[in-house]
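With compact mmCIF, C-alpha atoms inside, this is query.txt:
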# COMPACT_ATOMS: atom_id res chain seq x y z
CA MET A 4 -115.48 8.10 66.54
CA ILE A 5 -113.99 5.85 63.90
CA GLU A 6 -110.38 5.37 62.95
CA PHE A 7 -109.20 5.14 59.38
CA THR A 8 -106.69 2.65 58.09
CA LEU A 9 -104.91 2.58 54.77
CA ASP A 10 -104.09 -0.43 52.69
CA GLY A 11 -101.10 0.50 50.56
CA ARG A 12 -101.33 -2.64 48.45
CA SER A 13 -105.00 -2.46 47.52
CA GLY A 14 -104.53 -0.24 44.48
CA VAL A 15 -107.46 1.87 45.70
CA SER A 16 -106.46 5.51 46.05
CA PRO A 17 -106.15 6.75 49.66
CA TYR A 18 -108.93 9.29 49.27
CA LEU A 19 -111.31 6.61 48.02
CA GLN A 20 -110.34 4.32 50.91
CA VAL A 21 -111.38 7.03 53.38
CA VAL A 22 -114.67 7.56 51.53
CA GLN A 23 -115.34 3.83 51.46
CA GLN A 24 -114.57 3.40 55.13
CA VAL A 25 -117.03 6.13 56.09
CA ARG A 26 -119.73 4.71 53.82
CA GLN A 27 -119.06 1.23 55.17
CA ALA A 28 -119.36 2.46 58.76
CA LEU A 29 -122.60 4.24 57.89
CA ARG A 30 -123.98 1.16 56.22
CA LEU A 31 -123.12 -1.12 59.13
CA GLY A 32 -124.49 1.31 61.67
CA LEU A 33 -121.09 2.03 63.24
CA LEU A 34 -121.67 5.69 62.49
CA THR A 35 -125.05 7.32 62.90
CA LYS A 36 -126.51 10.79 62.53
CA GLY A 37 -124.79 13.32 64.77
CA ASP A 38 -121.55 11.35 65.20
CA GLN A 39 -118.34 13.29 64.76
CA LEU A 40 -115.67 12.30 62.26
CA PRO A 41 -112.00 12.66 63.14
CA THR A 42 -110.59 16.09 62.25
CA VAL A 43 -108.40 16.39 59.17
CA LYS A 44 -105.43 17.09 61.41
CA ASP A 45 -106.08 13.92 63.44
CA VAL A 46 -106.35 11.71 60.37
CA VAL A 47 -103.28 13.26 58.81
CA SER A 48 -101.09 12.92 61.86
CA ARG A 49 -102.21 9.34 62.46
CA LEU A 50 -101.82 8.02 58.94
CA ALA A 51 -99.07 10.36 57.71
CA ILE A 52 -101.06 11.20 54.59
CA ASN A 53 -101.55 14.35 52.61
CA PRO A 54 -104.24 16.65 54.12
CA ASN A 55 -105.68 17.27 50.66
CA THR A 56 -106.49 13.56 50.47
CA VAL A 57 -108.66 13.76 53.59
CA LEU A 58 -110.21 17.06 52.52
CA LYS A 59 -111.10 15.58 49.15
CA ALA A 60 -112.72 12.55 50.79
CA TYR A 61 -114.69 14.72 53.21
CA ARG A 62 -115.77 17.04 50.38
CA GLU A 63 -117.10 14.11 48.40
CA LEU A 64 -119.00 12.76 51.41
CA GLU A 65 -120.38 16.24 52.01
CA ARG A 66 -121.48 16.52 48.40
CA ASP A 67 -123.33 13.22 48.80
CA GLY A 68 -125.13 14.73 51.79
CA LEU A 69 -123.70 12.24 54.27
CA ILE A 70 -121.67 14.62 56.42
CA ALA A 71 -121.51 18.33 57.10
CA ALA A 72 -118.65 20.48 58.33
CA ARG A 73 -119.39 22.93 61.12
CA PRO A 74 -116.58 25.45 60.99
CA GLY A 75 -114.53 25.55 64.14
CA ILE A 76 -116.31 22.56 65.67
CA GLY A 77 -115.83 19.58 63.41
CA THR A 78 -117.37 17.35 60.81
CA PHE A 79 -120.56 15.48 61.63
CA VAL A 80 -122.65 12.72 60.13
CA THR A 81 -125.94 14.07 58.79
CA ARG A 82 -127.47 10.95 57.34
CA THR A 83 -127.11 7.23 57.79
CA LEU A 84 -127.01 4.61 55.10
CA THR A 85 -128.76 2.02 57.22
CA ASP A 86 -132.04 2.43 55.39
CA ASP A 87 -134.86 -0.09 55.23
CA SER A 88 -132.51 -2.60 53.64
CA PHE A 89 -130.59 -2.84 56.93
CA ALA A 90 -133.27 -5.17 58.28
CA ALA A 91 -132.64 -7.51 55.38
CA HIS A 92 -128.93 -7.88 56.24
CA ALA A 93 -129.33 -10.68 58.74
CA PRO A 94 -131.40 -13.06 56.58
CA LEU A 95 -129.21 -12.31 53.54
CA ARG A 96 -126.13 -13.09 55.59
CA LYS A 97 -127.71 -16.39 56.61
CA ASP A 98 -128.36 -17.21 52.93
CA LEU A 99 -124.75 -16.42 52.12
CA ASP A 100 -123.53 -18.61 54.98
CA ARG A 101 -125.62 -21.45 53.66
CA TRP A 102 -124.31 -20.88 50.16
CA LEU A 103 -120.71 -20.85 51.43
CA THR A 104 -121.20 -24.15 53.21
CA LYS A 105 -122.61 -25.59 50.01
CA ALA A 106 -119.67 -24.30 47.99
CA ARG A 107 -117.17 -25.80 50.46
CA ARG A 108 -118.98 -29.10 50.40
CA ALA A 109 -118.69 -29.06 46.59
CA GLY A 110 -114.91 -28.81 47.08
CA LEU A 111 -114.28 -25.13 46.28
CA ASP A 112 -111.37 -23.52 48.11
CA ASP A 113 -111.38 -19.88 49.27
CA GLU A 114 -109.83 -18.63 46.08
CA SER A 115 -112.34 -20.37 43.83
CA ILE A 116 -115.21 -19.11 45.98
CA GLU A 117 -113.99 -15.54 45.73
CA ALA A 118 -113.43 -15.85 41.97
CA LEU A 119 -116.87 -17.35 41.44
CA PHE A 120 -118.53 -14.68 43.55
CA MET A 121 -116.71 -11.80 41.88
CA SER A 122 -117.34 -13.05 38.33
CA THR A 123 -121.03 -13.62 39.09
CA PHE A 124 -121.22 -10.21 40.76
CA ARG A 125 -119.62 -8.54 37.74
CA SER A 126 -121.81 -10.25 35.14
CA ALA A 127 -124.90 -9.40 37.23
CA GLN A 128 -123.75 -5.76 37.30
CA GLU A 129 -123.35 -5.75 33.53
CA GLY A 130 -126.86 -7.20 33.24
CA VAL A 131 -128.21 -4.26 35.26
CA ALA A 132 -126.25 -1.60 33.37
CA MET B 9 -103.22 28.93 40.42
CA THR B 10 -100.05 30.44 41.82
CA ALA B 11 -96.71 28.74 41.52
CA VAL B 12 -94.26 28.39 44.39
CA LEU B 13 -91.55 27.39 41.99
CA GLU B 14 -91.17 28.32 38.36
CA ALA B 15 -88.23 27.16 36.26
CA ARG B 16 -87.72 28.03 32.61
CA GLY B 17 -85.01 26.31 30.60
CA LEU B 18 -83.12 25.84 33.84
CA GLY B 19 -79.74 24.16 33.61
CA LYS B 20 -76.66 23.60 35.73
CA ARG B 21 -73.34 22.45 34.34
CA TYR B 22 -70.33 21.22 36.28
CA ARG B 23 -67.37 21.54 33.94
CA ARG B 24 -68.51 19.51 30.96
CA ARG B 25 -71.32 17.53 32.57
CA TRP B 26 -74.87 18.85 32.78
CA ALA B 27 -76.36 17.95 36.16
CA LEU B 28 -79.67 19.49 35.14
CA GLN B 29 -80.74 20.45 31.67
CA ASP B 30 -83.52 22.41 30.05
CA CYS B 31 -85.79 22.05 33.05
CA THR B 32 -89.10 23.82 32.66
CA LEU B 33 -91.34 23.29 35.61
CA GLU B 34 -94.15 24.92 37.51
CA ILE B 35 -94.93 23.70 40.99
CA PRO B 36 -98.31 24.88 42.29
CA ALA B 37 -98.75 26.34 45.77
CA GLY B 38 -100.64 24.46 48.46
CA HIS B 39 -99.35 21.06 47.44
CA VAL B 40 -96.95 18.49 48.71
CA THR B 41 -94.82 17.82 45.68
CA GLY B 42 -92.62 14.76 45.40
CA LEU B 43 -89.47 14.97 43.31
CA VAL B 44 -88.48 11.43 42.38
CA GLY B 45 -85.76 9.97 40.27
CA PRO B 46 -82.82 7.61 40.49
CA ASN B 47 -79.63 8.64 42.23
CA GLY B 48 -77.70 11.13 40.14
CA ALA B 49 -80.77 12.31 38.23
CA GLY B 50 -80.29 15.92 39.31
CA LYS B 51 -82.71 16.12 42.23
CA THR B 52 -80.26 17.66 44.67
CA THR B 53 -79.03 20.07 41.98
CA LEU B 54 -82.59 21.25 41.31
CA LEU B 55 -83.28 21.72 45.03
CA SER B 56 -79.98 23.52 45.58
CA LEU B 57 -80.84 25.88 42.73
CA ALA B 58 -84.26 26.46 44.31
CA VAL B 59 -82.78 27.54 47.64
CA GLY B 60 -79.97 29.53 46.02
CA LEU B 61 -77.06 27.39 47.15
CA LEU B 62 -76.21 27.03 43.47
CA ALA B 63 -76.54 29.55 40.66
CA PRO B 64 -77.96 28.39 37.32
CA THR B 65 -75.72 28.01 34.26
CA ALA B 66 -78.72 28.47 31.97
CA GLY B 67 -82.33 29.57 32.24
CA THR B 68 -84.17 31.08 35.20
CA ILE B 69 -85.75 29.95 38.43
CA GLU B 70 -88.17 31.81 40.67
CA VAL B 71 -89.28 30.61 44.07
CA CYS B 72 -92.22 32.19 45.91
CA GLY B 73 -92.09 34.98 43.34
CA GLY B 74 -88.43 35.90 43.82
CA VAL B 75 -84.90 34.93 42.87
CA PRO B 76 -83.60 32.23 45.25
CA ALA B 77 -81.61 33.68 48.15
CA GLY B 78 -82.10 37.16 46.67
CA GLY B 79 -82.25 39.02 49.98
CA ALA B 80 -83.42 38.61 53.57
CA GLU B 81 -87.10 38.64 52.70
CA GLN B 82 -86.66 35.88 50.16
CA LEU B 83 -84.61 33.77 52.57
CA ALA B 84 -87.41 33.97 55.13
CA LYS B 85 -89.90 32.54 52.65
CA VAL B 86 -88.08 29.30 51.96
CA GLY B 87 -87.12 26.62 54.45
CA PHE B 88 -84.57 23.97 53.56
CA VAL B 89 -83.72 20.67 55.17
CA ALA B 90 -80.65 19.35 53.40
CA GLN B 91 -79.79 15.73 52.73
CA ASP B 92 -79.10 13.68 55.88
CA THR B 93 -80.75 16.41 57.97
CA PRO B 94 -77.58 18.14 59.18
CA THR B 95 -77.41 19.82 62.59
CA TYR B 96 -74.54 21.23 64.64
CA ALA B 97 -73.23 18.28 66.62
CA ASN B 98 -71.69 20.43 69.39
CA LEU B 99 -74.71 22.65 69.92
CA SER B 100 -77.57 21.65 72.20
CA ILE B 101 -81.18 21.55 71.05
CA GLU B 102 -81.74 24.80 72.97
CA ASP B 103 -78.83 26.42 71.11
CA HIS B 104 -80.33 25.36 67.80
CA LEU B 105 -83.65 26.97 68.69
CA ARG B 106 -81.92 30.16 69.88
CA LEU B 107 -79.95 30.27 66.65
CA GLY B 108 -83.14 29.79 64.68
CA ALA B 109 -84.85 32.62 66.55
CA HIS B 110 -81.96 35.00 65.84
CA LEU B 111 -81.61 34.16 62.18
CA ASN B 112 -85.27 34.05 61.13
CA PRO B 113 -87.51 37.13 61.21
CA ARG B 114 -90.71 35.06 61.23
CA TRP B 115 -89.51 32.52 63.83
CA ASP B 116 -92.36 30.89 65.73
CA ARG B 117 -91.10 30.14 69.23
CA SER B 118 -94.18 28.22 70.29
CA ILE B 119 -94.05 25.79 67.36
CA ALA B 120 -90.43 25.04 68.12
CA GLN B 121 -90.99 24.50 71.83
CA THR B 122 -94.15 22.41 71.44
CA ARG B 123 -92.43 20.16 68.92
CA ILE B 124 -89.42 19.52 71.12
CA GLU B 125 -91.69 18.81 74.10
CA ARG B 126 -93.84 16.42 72.11
CA LEU B 127 -90.76 14.60 70.90
CA GLY B 128 -89.79 14.15 74.54
CA LEU B 129 -86.32 15.56 73.95
CA ASP B 130 -84.14 17.15 76.59
CA PRO B 131 -83.40 20.72 75.37
CA THR B 132 -79.93 20.68 76.92
CA GLN B 133 -78.86 17.61 74.99
CA ARG B 134 -76.24 18.08 72.31
CA ALA B 135 -77.38 17.36 68.75
CA GLY B 136 -74.43 15.03 68.24
CA LYS B 137 -75.91 12.65 70.83
CA LEU B 138 -79.30 12.36 69.10
CA SER B 139 -80.40 9.32 67.11
CA GLY B 140 -80.85 9.68 63.37
CA GLY B 141 -84.61 9.96 63.74
CA GLN B 142 -84.35 12.57 66.51
CA ARG B 143 -81.84 14.62 64.55
CA ALA B 144 -84.16 14.55 61.53
CA GLN B 145 -87.01 15.74 63.77
CA LEU B 146 -84.83 18.56 65.11
CA ALA B 147 -83.96 19.67 61.57
CA LEU B 148 -87.65 19.51 60.61
CA THR B 149 -88.59 21.51 63.71
CA LEU B 150 -86.17 24.26 62.69
CA GLY B 151 -87.57 24.23 59.15
CA LEU B 152 -91.17 24.50 60.38
CA ALA B 153 -90.62 27.07 63.13
CA LYS B 154 -89.15 29.37 60.51
CA ARG B 155 -92.73 29.54 59.12
CA PRO B 156 -91.70 29.41 55.46
CA GLU B 157 -94.07 29.60 52.51
CA LEU B 158 -92.21 26.73 50.91
CA LEU B 159 -90.37 23.99 52.76
CA ILE B 160 -87.84 22.09 50.68
CA LEU B 161 -86.52 18.75 51.93
CA ASP B 162 -83.80 16.76 50.20
CA GLU B 163 -84.17 13.00 50.81
CA PRO B 164 -85.43 13.62 54.34
CA VAL B 165 -86.31 10.04 55.24
CA ALA B 166 -83.79 8.07 53.20
CA SER B 167 -81.55 7.20 56.14
CA LEU B 168 -84.31 6.63 58.72
CA ASP B 169 -85.75 3.34 59.93
CA PRO B 170 -89.42 2.67 59.08
CA LEU B 171 -90.76 3.92 62.41
CA ALA B 172 -88.72 7.14 62.39
CA ARG B 173 -89.71 7.58 58.75
CA ARG B 174 -93.41 7.34 59.59
CA GLU B 175 -93.04 9.70 62.56
CA PHE B 176 -91.19 12.23 60.44
CA LEU B 177 -93.88 12.20 57.76
CA GLN B 178 -96.63 12.41 60.38
CA VAL B 179 -95.16 15.62 61.78
CA LEU B 180 -94.64 17.01 58.30
CA MET B 181 -98.23 16.27 57.22
CA GLU B 182 -99.63 17.67 60.43
CA ALA B 183 -97.74 20.89 59.75
CA VAL B 184 -99.15 21.04 56.23
CA ALA B 185 -102.67 20.62 57.62
CA GLU B 186 -102.15 23.24 60.30
CA HIS B 187 -100.07 25.92 58.61
CA ASP B 188 -100.30 27.10 55.08
CA VAL B 189 -97.03 25.67 53.83
CA SER B 190 -96.19 24.17 50.46
CA VAL B 191 -93.72 21.32 50.50
CA LEU B 192 -91.24 20.05 47.94
CA LEU B 193 -89.42 16.89 48.90
CA SER B 194 -87.17 14.56 46.99
CA SER B 195 -86.73 10.84 47.32
CA HIS B 196 -85.51 7.91 45.33
CA VAL B 197 -87.99 5.69 47.20
CA VAL B 198 -91.45 6.13 45.74
CA SER B 199 -93.29 4.26 48.46
CA ASP B 200 -92.24 6.98 50.94
CA LEU B 201 -93.99 9.55 48.83
CA GLU B 202 -97.11 7.67 47.86
CA ARG B 203 -99.15 8.70 50.86
CA VAL B 204 -97.86 12.19 51.36
CA CYS B 205 -97.57 13.70 47.90
CA ASP B 206 -100.43 14.98 45.79
CA HIS B 207 -98.16 16.28 43.07
CA LEU B 208 -95.27 14.52 41.44
CA VAL B 209 -92.23 15.37 39.35
CA VAL B 210 -90.18 12.55 37.85
CA LEU B 211 -86.62 13.53 37.05
CA VAL B 212 -84.40 11.14 35.09
CA ASP B 213 -81.02 11.87 33.50
CA SER B 214 -81.27 15.57 34.36
CA GLU B 215 -84.61 15.90 32.57
CA VAL B 216 -88.21 16.16 33.75
CA ARG B 217 -89.91 13.05 32.36
CA VAL B 218 -93.38 13.58 33.69
CA GLU B 219 -95.10 15.96 36.07
CA GLY B 220 -98.60 16.42 37.34
CA GLU B 221 -101.18 15.79 40.01
CA VAL B 222 -100.87 12.26 41.42
CA GLU B 223 -104.58 11.47 41.04
CA SER B 224 -104.67 12.45 37.39
CA LEU B 225 -101.40 10.67 36.64
CA LEU B 226 -102.79 7.48 38.14
CA ALA B 227 -106.06 7.86 36.25
CA THR B 228 -104.44 8.32 32.84
CA HIS B 229 -101.73 5.64 32.92
CA HIS B 230 -102.52 2.02 32.12
CA ARG B 231 -100.63 -1.21 31.70
CA LEU B 232 -101.64 -3.17 28.62
CA THR B 233 -100.82 -6.84 28.31
CA GLY B 234 -101.63 -8.91 25.25
CA PRO B 235 -100.33 -10.92 22.34
CA ARG B 236 -97.10 -9.62 20.90
CA ARG B 237 -97.44 -6.73 18.48
CA GLU B 238 -95.56 -3.72 17.20
CA THR B 239 -96.08 -0.53 19.10
CA ASP B 240 -96.49 1.58 15.93
CA SER B 241 -100.06 0.38 15.70
CA LEU B 242 -101.22 2.19 18.84
CA PRO B 243 -104.02 4.75 18.44
CA ALA B 244 -102.81 8.33 18.19
CA ASP B 245 -104.20 9.30 21.57
CA GLN B 246 -102.15 6.68 23.43
CA HIS B 247 -98.67 7.84 24.35
CA LEU B 248 -96.27 5.00 24.88
CA VAL B 249 -94.27 5.28 28.08
CA SER B 250 -92.53 1.93 28.15
CA ALA B 251 -92.70 -1.35 26.29
CA SER B 252 -91.32 -4.82 26.82
CA HIS B 253 -91.80 -7.86 24.64
CA THR B 254 -91.33 -11.60 24.89
CA ASP B 255 -91.69 -13.77 21.82
CA ARG B 256 -95.42 -14.07 22.45
CA GLN B 257 -96.45 -11.21 24.66
CA SER B 258 -96.22 -7.44 24.77
CA THR B 259 -96.50 -5.40 27.94
CA LEU B 260 -96.91 -1.68 27.47
CA VAL B 261 -97.42 1.29 29.71
CA VAL B 262 -99.39 4.00 27.98
CA ARG B 263 -100.75 7.37 28.92
CA THR B 264 -104.14 8.32 27.56
CA GLU B 265 -107.20 10.32 28.52
CA ALA B 266 -109.47 8.08 26.46
CA PRO B 267 -110.72 4.61 27.38
CA ILE B 268 -108.81 1.68 25.88
CA LEU B 269 -111.18 -0.11 23.55
CA ASP B 270 -108.96 -2.73 21.89
CA PRO B 271 -110.27 -6.06 23.28
CA ALA B 272 -106.92 -7.79 22.69
CA TRP B 273 -105.41 -5.92 25.64
CA THR B 274 -105.81 -6.77 29.28
CA VAL B 275 -105.83 -3.38 30.96
CA THR B 276 -104.65 -2.90 34.54
CA ARG B 277 -104.20 0.19 36.64
CA LEU B 278 -100.72 1.20 37.66
CA GLY B 279 -99.62 1.98 41.16
CA LEU B 280 -97.51 5.09 41.65
CA GLU B 281 -94.34 3.05 42.03
CA ASP B 282 -94.87 1.18 38.74
CA LEU B 283 -95.75 4.42 37.03
CA VAL B 284 -92.52 6.07 38.13
CA LEU B 285 -90.49 2.98 37.25
CA ALA B 286 -91.97 2.97 33.75
CA TYR B 287 -90.62 6.49 33.24
CA MET B 288 -87.28 5.63 34.78
CA GLU B 289 -86.61 2.78 32.34
CA VAL B 290 -84.14 3.75 29.69
CA PRO B 291 -86.34 4.58 26.73
CA SER B 292 -86.18 1.86 24.11
CA ALA B 293 -85.89 2.58 20.40
CA ASP B 294 -89.65 2.06 20.22
CA THR B 295 -90.48 4.81 22.63
CA ARG B 296 -87.94 7.16 21.10
CA ARG B 297 -89.71 6.85 17.76
CA ASN B 298 -92.96 7.71 19.46
CA GLY B 299 -91.52 11.10 20.32
CA ASP B 300 -94.35 12.25 22.57
CA ALA B 301 -93.71 9.59 25.14
CA ARG B 302 -90.43 10.89 26.40
CA LYS B 303 -91.89 14.23 27.29
CA PRO B 304 -95.64 13.98 27.57
CA ALA B 305 -97.55 17.22 27.52
CA LEU B 306 -97.23 18.77 30.94
CA GLU B 307 -100.52 19.10 32.64
CA VAL B 308 -101.82 20.31 35.92
CA LEU B 309 -105.45 20.10 36.83
CA ARG B 310 -107.22 22.18 39.47

Go ahead and express the file in the form of structure tokens.
Amino acid sequence: MIEFTLDGRSGVSPYLQVVQQVRQALRLGLLTKGDQLPTVKDVVSRLAINPNTVLKAYRELERDGLIAARPGIGTFVTRTLTDDSFAAHAPLRKDLDRWLTKARRAGLDDESIEALFMSTFRSAQEGVA
Amino acid sequence: MTAVLEARGLGKRYRRRWALQDCTLEIPAGHVTGLVGPNGAGKTTLLSLAVGLLAPTAGTIEVCGGVPAGGAEQLAKVGFVAQDTPTYANLSIEDHLRLGAHLNPRWDRSIAQTRIERLGLDPTQRAGKLSGGQRAQLALTLGLAKRPELLILDEPVASLDPLARREFLQVLMEAVAEHDVSVLLSSHVVSDLERVCDHLVVLVDSEVRVEGEVESLLATHHRLTGPRRETDSLPADQHLVSASHTDRQSTLVVRTEAPILDPAWTVTRLGLEDLVLAYMEVPSADTRRNGDARKPALEVLR
């Protein structure tokens, strides 16, 4: 079972934060097929958020075929996101580590590293689109 | 879509001052609706009209399909937790529950008892001895055990500390998830409402400034920052909400369904708090000229 958290300052809507946290857990293998998600009532009473927010998040995940609700029992994971690419995570992480060390050695601070990464990421995305 | 509250041209005047004016509003069922506005905007007046503690000077209001306080059946449909969550200081918690059971035809004894147990309160304790947070929880328990269709709360968390505030909202949201109850709550603190409300009404100077589903409000409002310019030159589909200028820069808040294409603007999303604040600002001459901005077309999706 995973627990959701909300970042009020992120500017990301609460429903999207729930969706992202489930997808993230699926991608990292924290959640796998057959695992149960917290009930709407549990999430709501823990985070003090609107039930419709959780329902909307779960509906979207269900539409994407990642989870399924079994009435009266709960909501379960039906598919993982740790596909073939999961195996590539470790070497990619190593590459990133190496790159980070290089960036630090070149004198970049955390903020510059993040800015450089995000701007490269964005322009790469535009290139794809 | 059914409405739990419908107001048409609703107004309330005290002597010569209008506390609420020309309020036309439809609040959909199945939502948690936040009523926000500065102190003195007319929030309490609107809520008092909705529960029938006040009678309108102008216009009409219907709540759960009936006239507020128009008979026993109507009273059973609407729960009300007034400002500062009042209870009877000399009565014990038990007495409060007994009173609730006698006065409410749909009283749910098990909800009331479970709540008090979970709060860890001693039923024989007098309400006057409770902390602010506990008293608020008692008032909420009474409101929920009544099993209303609509629960109205006036500034329920304003006087509570952050922990008590969170606990109060947790219980409230759990009740919304569990029972089919619509909620209308007022606050002058937007951050309290951000997590719990999916529908919002902004009331300023006794008028409804903007109203709609939180998600769609957030998706259609943008902050534009760029070199100084006159606001007359905005495209027709962008409604100006607020504007401020320095000698070099203009910062605008606009509402639009369409994407913002002008490359001179840096566009950022607005949080709920900034959105509400933009509507609370006294409208400048600029925005008054752009007549639409003061009262954008009301819209409710879903």

12 Å contact set for B:Leu211, only C-alpha atoms, chain neighbours under 3 positions out, as a ChimeraX atom specification
/B:27-33,42-55,194-196,208,214-219,284-285,287-289,302-303

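For A:Ser16, the set of protein, DNA and RNA residues having any atom at most 12 Å away, when counting all atoms listed in the file and skipping those fewer than 5 positions along the same chain, is Leu9, Asp10, Gly11, Val21, Val22, Gln23, Ile52, Thr56, Val57, Lys59 and Ala60 of chain A; Glu202, Arg203, Asp206, Val222, Glu223, Ser224, Leu225, Leu226, Ala227, Arg277, Leu278, Gly279 and Leu280 of chain B.
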
Residues of chain B near chain A: apply a cut-off of 12 Å, count only C-alpha atoms, and supply the list as a PyMOL selection string.
chain B and resi 38-42+171-191+199-207+221-227+276-282

Minimum-distance residue to B:Ala266, chosen among B:His229, B:Arg236, B:His253, B:Lys85 (using only C-alpha atoms):
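Of the candidates, the smallest distance to B:Ala266 is held by B:His229.
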
Hey, can you check how far atom CA of B:Ala286 sits from atom CA of B:Leu260?
9.2 Å

So what do you get for atom CA of B:Ala120 versus atom CA of A:Gly77, distance-wise?
26.4 Å

Would you mind reading off the distance between atom CA of B:Leu152 and atom CA of A:Thr8, one decimal, in Å?
26.9 Å

Can you pull out every residue within 9 Å of A:Gly68, counting all atoms listed in the file, but drop anything in the same chain fewer than 3 positions away, and send it as a PyMOL selection string?
chain A and resi 63-65+71+80-82

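Compared by their closest atoms to B:Pro76, and using all atoms listed in the file, the residues B:Ala90, B:Leu99, B:Leu150, B:Ala15 rank with B:Ala15 nearest.
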
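Proximity of B:Thr233, B:Thr10, B:Asn112, B:Gln133 to B:Ala97, computed with all atoms listed in the file, is greatest for B:Gln133.
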
Considering only C-alpha atoms, state which residue in the set A:Arg107, A:Thr42, A:Ile5, A:Pro94 is at the smallest distance from A:Ile76.
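Answer, going by the shortest atom-to-atom distance: A:Thr42.
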